[in-house]
Amino acid sequence: MKVALFTDGIFPYVMGGMQKHSFYLARYLARAGVEVDLYHFNASDKDISKLELFSEQEKQKIRSFVIPFPSLDKFPGHYLRESFEYSSGIYNAFLKNGKVDYIYAKGFSAWKLLDEKRKGKIFPPVGVNFHGYEMFQISTGWRSKLEQILLRPPVKFNLEQVDHVYSYGGKITELIQNIGVAKSKIRELPTGIEPEWLASSIQPASGIRKFVFVGRYERRKGIEELNRVLSRLKNHRFEFTFVGPIPPSKQMNRPGIRYLGPVMDAPEMRRILQGCDVLVCPSHSEGMPNVIMEAMASGLAVIATDVGAVADMVSDDNGWLIAVQSEKALEQAIVSAIEMPAGKLEKMKASSLQQVADRFLWTGLMQRLISYISK
């Protein structure tokens, strides 16, 4: 079997959750014996020809085609024009590089091919994954709202032309159906994590609860609500670690709160997470965040908003699923975690670890994807 994977980049050559997901798709398809034609681009100063995170055995199954991502004038809608031009570059390269059995496309990367498909050209089955569909979720201001208005029509066009639409499940599936996609076209497949991420055991809960937030400073990540809540918790003892690029002007100066900046090294990230008790993820919109998966695999309880497919990962068993943009609910969950008996919190932490082992390892998820592709 041969699969073409169209994507706007793979980790570490392009950073982001979608790019990590693309990397794991390529890796585990190759490990399953599937030939992968990988169409992607390089936004880093690394030598992309080395595909350095893949093993030599994996590389034997992967053909890499590097497509430049255009940079156009920064007028409104430039990202859409750039995305279509990028998809045209992928399309032209794809026509030259032989037949495949299936095309798995991320975001707008198959836009040009789907436009040609609409005109009557014949291609193998095409599946698309827009991940969190944030353009159909809660906006965080006028700029976000304008972006959503611009993005929705081309997203709908792409979804109308494909054979399969991939969903993480939960509210993402409901959202896709509300857009107008027939249920028969939807393929549910959660994101996954590598077995190496699984902690050998949970860290016992100490007297001082240790919280962690992982992500960049962005309005939709809910960090402003989180900062306001933390500023009110002056009578509680806890530690809070922020991992990610948080501007100094947005950092809080109080005991027990520290800022580590971006952490790119996976073993170091595992070490940080495994030393904490609770991940806090108060986003306004998400798909199925990698950071929640990584925290659960590290044996953490989770406080997260009920967006995207988060409810498929977080429940009363392993954390607190809270309402979006509710500072009251966020504060109550953090205080509950601070005051909770150590034994009860440790059961939550153990539940997170067990859920990942049972449901979210790439080794098992890849067989489900291959079964979808083979139908």
# chains A, B, ... in the order shown; residues from 1 in each chain; ligands from 1

call {"tool": "residues_around", "arguments": {"residues": "region 68-82 of chain A", "least_positions_apart": "4", "cutoff": "7 Å", "atoms": "only C-alpha atoms", "output": "PyMOL selection string"}}
result
chain A and resi 41+86+150

call {"tool": "residues_around", "arguments": {"residues": "region 17-19 of chain A", "least_positions_apart": "2", "cutoff": "9 Å", "atoms": "only C-alpha atoms", "output": "list of chain:residue names"}}
result
A:Thr7, A:Asp8, A:Gly9, A:Ile10, A:Phe11, A:Pro12, A:Tyr13, A:Val14, A:Met15, A:His21, A:Ser22, A:Phe23, A:Tyr24, A:Lys106, A:Gly107, A:Phe130, A:His131, A:Pro289, A:Asn290, A:Val291

call {"tool": "closest_residue", "arguments": {"among": "A:Phe54, A:Phe65, A:Tyr217, A:Trp111", "to": "Asn42 (chain A)", "atoms": "only C-alpha atoms"}}
result
A:Phe65

call {"tool": "atom_distance", "arguments": {"atom1": "CA of Gly299 (chain A)", "atom2": "CA of Leu353 (chain A)"}}
result
4.9 Å
